[in-house]
Amino acid sequence: MDAAQQEATARARELQRNWYGEPLGALFRRLIDDLGLNQARLAGVLGLSAPMLSQLMSGQRAKIGNPAVVQRVQLLQDLAGQVADGSVSAAEATERMEEIKKSQGGSVLSNTTQTTSSSGAPTVKRVVREIQSLLRSVAAAGDIIDAADTLAPTHPELAEFLRVYGAGRTSDAVTHYQAHQN
């Protein structure tokens, strides 16, 4: 790889960090490990070709062009977290991945997905994911961070909200939401 290619790859990974919170290579490798997939299976669930997945992972391409694929990535991240904390079994995860694969964007819910509490109210995580999805459909993470930086001197609480929900991890947003609920 020549210097120009290395520079382009480094730039693509930096853009990915701004848009998705981390380079896609690291994110996709974690999903592969956490969900017991290979690259071809991950590409299939996401609705990408195997070469496109490879180009995104290697930094040859920076951005996922299809918003439905971005949402599938987010759904897989949530699923991987549920598998890791034991709230979803491997068999349930396989079933849910099939639902995610069929989704065209929007919410993908099944009977095995806990989206409401026993009282019928949406779970905190569900509310947080909806806020994150809405913000991320309006602007890329880097743009949200820029907006937060602009607001920080005069509106620090709003800036924090944008950073946490627009560019942060779901677990951090859940913590923020719970801290500010009352």
# chains A, B, ... in the order shown; residues from 1 in each chain; ligands from 1

call {"tool": "closest_atom_pairs", "arguments": {"of": "range 23-72 of chain A", "to": "range 6-17 of chain A", "cutoff": "6 Å", "atoms": "only C-alpha atoms", "output": "CSV"}}
result
residue,atom,partner,partner_atom,distance
A:Pro23,CA,A:Arg17,CA,5.0
A:Gly59,CA,A:Thr9,CA,4.8
A:Gln60,CA,A:Thr9,CA,5.8
A:Ala62,CA,A:Ala12,CA,4.6

call {"tool": "write_last_selection", "arguments": {"atoms": "C-alpha atoms", "output": "mmCIF file, in the first residue's frame"}}
result
data_model
loop_
_atom_site.group_PDB
_atom_site.id
_atom_site.type_symbol
_atom_site.label_atom_id
_atom_site.label_comp_id
_atom_site.auth_asym_id
_atom_site.auth_seq_id
_atom_site.Cartn_x
_atom_site.Cartn_y
_atom_site.Cartn_z
ATOM 1 C CA PRO A 23 -13.793 2.385 12.908
ATOM 2 C CA GLY A 59 -11.113 1.521 5.392
ATOM 3 C CA GLN A 60 -11.264 1.446 1.591
ATOM 4 C CA ALA A 62 -15.783 5.186 4.779
#

call {"tool": "select_by_dssp", "arguments": {"residues": "range 7-181 of chain A", "states": "alpha helix (DSSP H)", "output": "PDB file with C-alpha atoms, in the first residue's frame"}}
result
ATOM      1  CA  GLU A   7      -3.551   8.313   4.035  1.00  0.00           C
ATOM      2  CA  ALA A   8      -6.926   7.624   2.393  1.00  0.00           C
ATOM      3  CA  THR A   9      -7.467   4.609   4.655  1.00  0.00           C
ATOM      4  CA  ALA A  10      -6.541   6.602   7.766  1.00  0.00           C
ATOM      5  CA  ARG A  11      -8.951   9.358   6.709  1.00  0.00           C
ATOM      6  CA  ALA A  12     -11.750   6.850   6.082  1.00  0.00           C
ATOM      7  CA  ARG A  13     -11.246   5.309   9.527  1.00  0.00           C
ATOM      8  CA  GLU A  14     -11.300   8.760  11.142  1.00  0.00           C
ATOM      9  CA  LEU A  15     -14.555   9.547   9.336  1.00  0.00           C
ATOM     10  CA  GLN A  16     -15.967   6.214  10.529  1.00  0.00           C
ATOM     11  CA  ARG A  17     -14.951   7.101  14.098  1.00  0.00           C
ATOM     12  CA  ASN A  18     -16.841  10.397  13.754  1.00  0.00           C
ATOM     13  CA  TRP A  19     -19.913   8.859  12.140  1.00  0.00           C
ATOM     14  CA  TYR A  20     -20.194   5.549  13.990  1.00  0.00           C
ATOM     15  CA  LEU A  24     -16.126  -0.112  11.265  1.00  0.00           C
ATOM     16  CA  GLY A  25     -13.411  -2.779  11.185  1.00  0.00           C
ATOM     17  CA  ALA A  26     -13.338  -2.867  14.991  1.00  0.00           C
ATOM     18  CA  LEU A  27     -17.121  -2.677  15.282  1.00  0.00           C
ATOM     19  CA  PHE A  28     -17.726  -5.459  12.752  1.00  0.00           C
ATOM     20  CA  ARG A  29     -15.020  -7.711  14.253  1.00  0.00           C
ATOM     21  CA  ARG A  30     -16.671  -7.339  17.667  1.00  0.00           C
ATOM     22  CA  LEU A  31     -20.078  -8.256  16.204  1.00  0.00           C
ATOM     23  CA  ILE A  32     -18.521 -11.273  14.470  1.00  0.00           C
ATOM     24  CA  ASP A  33     -16.939 -12.424  17.742  1.00  0.00           C
ATOM     25  CA  ASP A  34     -19.896 -11.645  20.019  1.00  0.00           C
ATOM     26  CA  LEU A  35     -22.524 -13.203  17.759  1.00  0.00           C
ATOM     27  CA  GLN A  39     -17.813 -12.085   7.565  1.00  0.00           C
ATOM     28  CA  ALA A  40     -20.087 -13.586   4.914  1.00  0.00           C
ATOM     29  CA  ARG A  41     -22.889 -14.187   7.438  1.00  0.00           C
ATOM     30  CA  LEU A  42     -22.510 -10.679   8.897  1.00  0.00           C
ATOM     31  CA  ALA A  43     -22.666  -9.198   5.395  1.00  0.00           C
ATOM     32  CA  GLY A  44     -25.841 -11.201   4.716  1.00  0.00           C
ATOM     33  CA  VAL A  45     -27.562 -10.081   7.925  1.00  0.00           C
ATOM     34  CA  LEU A  46     -26.634  -6.451   7.263  1.00  0.00           C
ATOM     35  CA  ALA A  50     -19.166  -9.439   1.153  1.00  0.00           C
ATOM     36  CA  PRO A  51     -16.807  -7.178  -0.856  1.00  0.00           C
ATOM     37  CA  MET A  52     -18.564  -4.047   0.456  1.00  0.00           C
ATOM     38  CA  LEU A  53     -18.256  -5.296   4.042  1.00  0.00           C
ATOM     39  CA  SER A  54     -14.572  -5.976   3.449  1.00  0.00           C
ATOM     40  CA  GLN A  55     -14.043  -2.482   1.996  1.00  0.00           C
ATOM     41  CA  LEU A  56     -15.772  -0.877   4.999  1.00  0.00           C
ATOM     42  CA  MET A  57     -13.731  -2.981   7.434  1.00  0.00           C
ATOM     43  CA  SER A  58     -10.417  -2.195   5.746  1.00  0.00           C
ATOM     44  CA  PRO A  67     -29.732   4.016   6.351  1.00  0.00           C
ATOM     45  CA  ALA A  68     -31.440   0.628   6.775  1.00  0.00           C
ATOM     46  CA  VAL A  69     -28.000  -1.032   6.964  1.00  0.00           C
ATOM     47  CA  VAL A  70     -26.913   1.501   9.596  1.00  0.00           C
ATOM     48  CA  GLN A  71     -29.983   0.623  11.631  1.00  0.00           C
ATOM     49  CA  ARG A  72     -29.255  -3.098  11.258  1.00  0.00           C
ATOM     50  CA  VAL A  73     -25.754  -2.442  12.627  1.00  0.00           C
ATOM     51  CA  GLN A  74     -27.319  -0.717  15.647  1.00  0.00           C
ATOM     52  CA  LEU A  75     -29.777  -3.571  16.151  1.00  0.00           C
ATOM     53  CA  LEU A  76     -26.941  -6.108  15.983  1.00  0.00           C
ATOM     54  CA  GLN A  77     -24.960  -4.080  18.542  1.00  0.00           C
ATOM     55  CA  ASP A  78     -27.951  -4.199  20.891  1.00  0.00           C
ATOM     56  CA  LEU A  79     -28.379  -7.919  20.269  1.00  0.00           C
ATOM     57  CA  ALA A  80     -24.686  -8.584  20.962  1.00  0.00           C
ATOM     58  CA  GLY A  81     -25.055  -6.759  24.281  1.00  0.00           C
ATOM     59  CA  GLN A  82     -28.067  -8.870  25.189  1.00  0.00           C
ATOM     60  CA  VAL A  83     -26.187 -12.064  24.322  1.00  0.00           C
ATOM     61  CA  ALA A  84     -23.231 -10.877  26.421  1.00  0.00           C
ATOM     62  CA  ALA A  90     -27.726 -18.139  21.236  1.00  0.00           C
ATOM     63  CA  ALA A  91     -30.840 -19.727  19.689  1.00  0.00           C
ATOM     64  CA  GLU A  92     -32.871 -16.561  20.245  1.00  0.00           C
ATOM     65  CA  ALA A  93     -30.009 -14.484  18.809  1.00  0.00           C
ATOM     66  CA  THR A  94     -30.047 -16.565  15.620  1.00  0.00           C
ATOM     67  CA  GLU A  95     -33.801 -16.045  15.311  1.00  0.00           C
ATOM     68  CA  ARG A  96     -33.468 -12.300  15.948  1.00  0.00           C
ATOM     69  CA  MET A  97     -30.672 -12.002  13.364  1.00  0.00           C
ATOM     70  CA  GLU A  98     -33.075 -13.399  10.766  1.00  0.00           C
ATOM     71  CA  GLU A  99     -35.610 -10.710  11.735  1.00  0.00           C
ATOM     72  CA  ILE A 100     -32.916  -8.028  11.546  1.00  0.00           C
ATOM     73  CA  LYS A 101     -31.843  -9.319   8.121  1.00  0.00           C
ATOM     74  CA  LYS A 102     -35.411  -8.936   6.816  1.00  0.00           C
ATOM     75  CA  VAL A 124     -35.632   2.736  29.148  1.00  0.00           C
ATOM     76  CA  LYS A 125     -33.380   1.098  26.561  1.00  0.00           C
ATOM     77  CA  ARG A 126     -36.169   1.224  23.974  1.00  0.00           C
ATOM     78  CA  VAL A 127     -36.757   4.939  24.607  1.00  0.00           C
ATOM     79  CA  VAL A 128     -33.019   5.643  24.436  1.00  0.00           C
ATOM     80  CA  ARG A 129     -32.631   3.710  21.149  1.00  0.00           C
ATOM     81  CA  GLU A 130     -35.520   5.680  19.628  1.00  0.00           C
ATOM     82  CA  ILE A 131     -33.868   8.977  20.630  1.00  0.00           C
ATOM     83  CA  GLN A 132     -30.522   7.777  19.246  1.00  0.00           C
ATOM     84  CA  SER A 133     -32.079   6.600  15.981  1.00  0.00           C
ATOM     85  CA  LEU A 134     -33.884   9.893  15.507  1.00  0.00           C
ATOM     86  CA  LEU A 135     -30.754  11.984  16.143  1.00  0.00           C
ATOM     87  CA  ARG A 136     -28.587   9.748  13.974  1.00  0.00           C
ATOM     88  CA  SER A 137     -31.094   9.906  11.121  1.00  0.00           C
ATOM     89  CA  VAL A 138     -30.750  13.704  11.108  1.00  0.00           C
ATOM     90  CA  ALA A 141     -22.022  11.624  14.801  1.00  0.00           C
ATOM     91  CA  GLY A 142     -19.244  14.062  13.843  1.00  0.00           C
ATOM     92  CA  ASP A 143     -21.799  16.734  12.937  1.00  0.00           C
ATOM     93  CA  ILE A 144     -23.650  16.166  16.202  1.00  0.00           C
ATOM     94  CA  ILE A 145     -20.376  16.548  18.137  1.00  0.00           C
ATOM     95  CA  ASP A 146     -19.669  19.790  16.231  1.00  0.00           C
ATOM     96  CA  ALA A 147     -23.134  21.092  17.138  1.00  0.00           C
ATOM     97  CA  ALA A 148     -22.591  20.099  20.768  1.00  0.00           C
ATOM     98  CA  ASP A 149     -19.263  21.925  20.831  1.00  0.00           C
ATOM     99  CA  THR A 150     -20.979  25.033  19.462  1.00  0.00           C
ATOM    100  CA  LEU A 151     -23.733  24.847  22.103  1.00  0.00           C
ATOM    101  CA  PRO A 156     -23.952  22.804  28.413  1.00  0.00           C
ATOM    102  CA  GLU A 157     -26.829  20.462  29.293  1.00  0.00           C
ATOM    103  CA  LEU A 158     -28.105  20.425  25.727  1.00  0.00           C
ATOM    104  CA  ALA A 159     -24.562  19.884  24.446  1.00  0.00           C
ATOM    105  CA  GLU A 160     -24.196  16.908  26.786  1.00  0.00           C
ATOM    106  CA  PHE A 161     -27.514  15.493  25.555  1.00  0.00           C
ATOM    107  CA  LEU A 162     -26.367  15.712  21.930  1.00  0.00           C
ATOM    108  CA  ARG A 163     -23.015  14.069  22.701  1.00  0.00           C
ATOM    109  CA  VAL A 164     -24.492  11.239  24.771  1.00  0.00           C
ATOM    110  CA  TYR A 165     -27.440  10.366  22.527  1.00  0.00           C
ATOM    111  CA  GLY A 166     -26.104  11.476  19.160  1.00  0.00           C
ATOM    112  CA  ALA A 167     -22.625   9.984  19.279  1.00  0.00           C
ATOM    113  CA  THR A 170     -26.368   3.069  24.207  1.00  0.00           C
ATOM    114  CA  SER A 171     -25.266   2.029  27.707  1.00  0.00           C
ATOM    115  CA  ASP A 172     -24.034   5.577  28.437  1.00  0.00           C
ATOM    116  CA  ALA A 173     -27.282   7.044  27.104  1.00  0.00           C
ATOM    117  CA  VAL A 174     -29.330   4.685  29.325  1.00  0.00           C
ATOM    118  CA  THR A 175     -27.308   5.836  32.356  1.00  0.00           C
ATOM    119  CA  HIS A 176     -27.851   9.492  31.365  1.00  0.00           C
ATOM    120  CA  TYR A 177     -31.569   8.931  30.838  1.00  0.00           C
ATOM    121  CA  GLN A 178     -31.991   7.224  34.204  1.00  0.00           C
ATOM    122  CA  ALA A 179     -30.054  10.010  35.957  1.00  0.00           C
TER     123      ALA A 179
END

call {"tool": "atom_distance", "arguments": {"atom1": "CA of Ala152 in chain A", "atom2": "CA of Gly168 in chain A"}}
result
16.3 Å

call {"tool": "atom_distance", "arguments": {"atom1": "CA of Thr123 in chain A", "atom2": "CA of Gly21 in chain A"}}
result
23.9 Å

call {"tool": "atom_distance", "arguments": {"atom1": "CA of Pro153 in chain A", "atom2": "CA of Ala139 in chain A"}}
result
21.1 Å
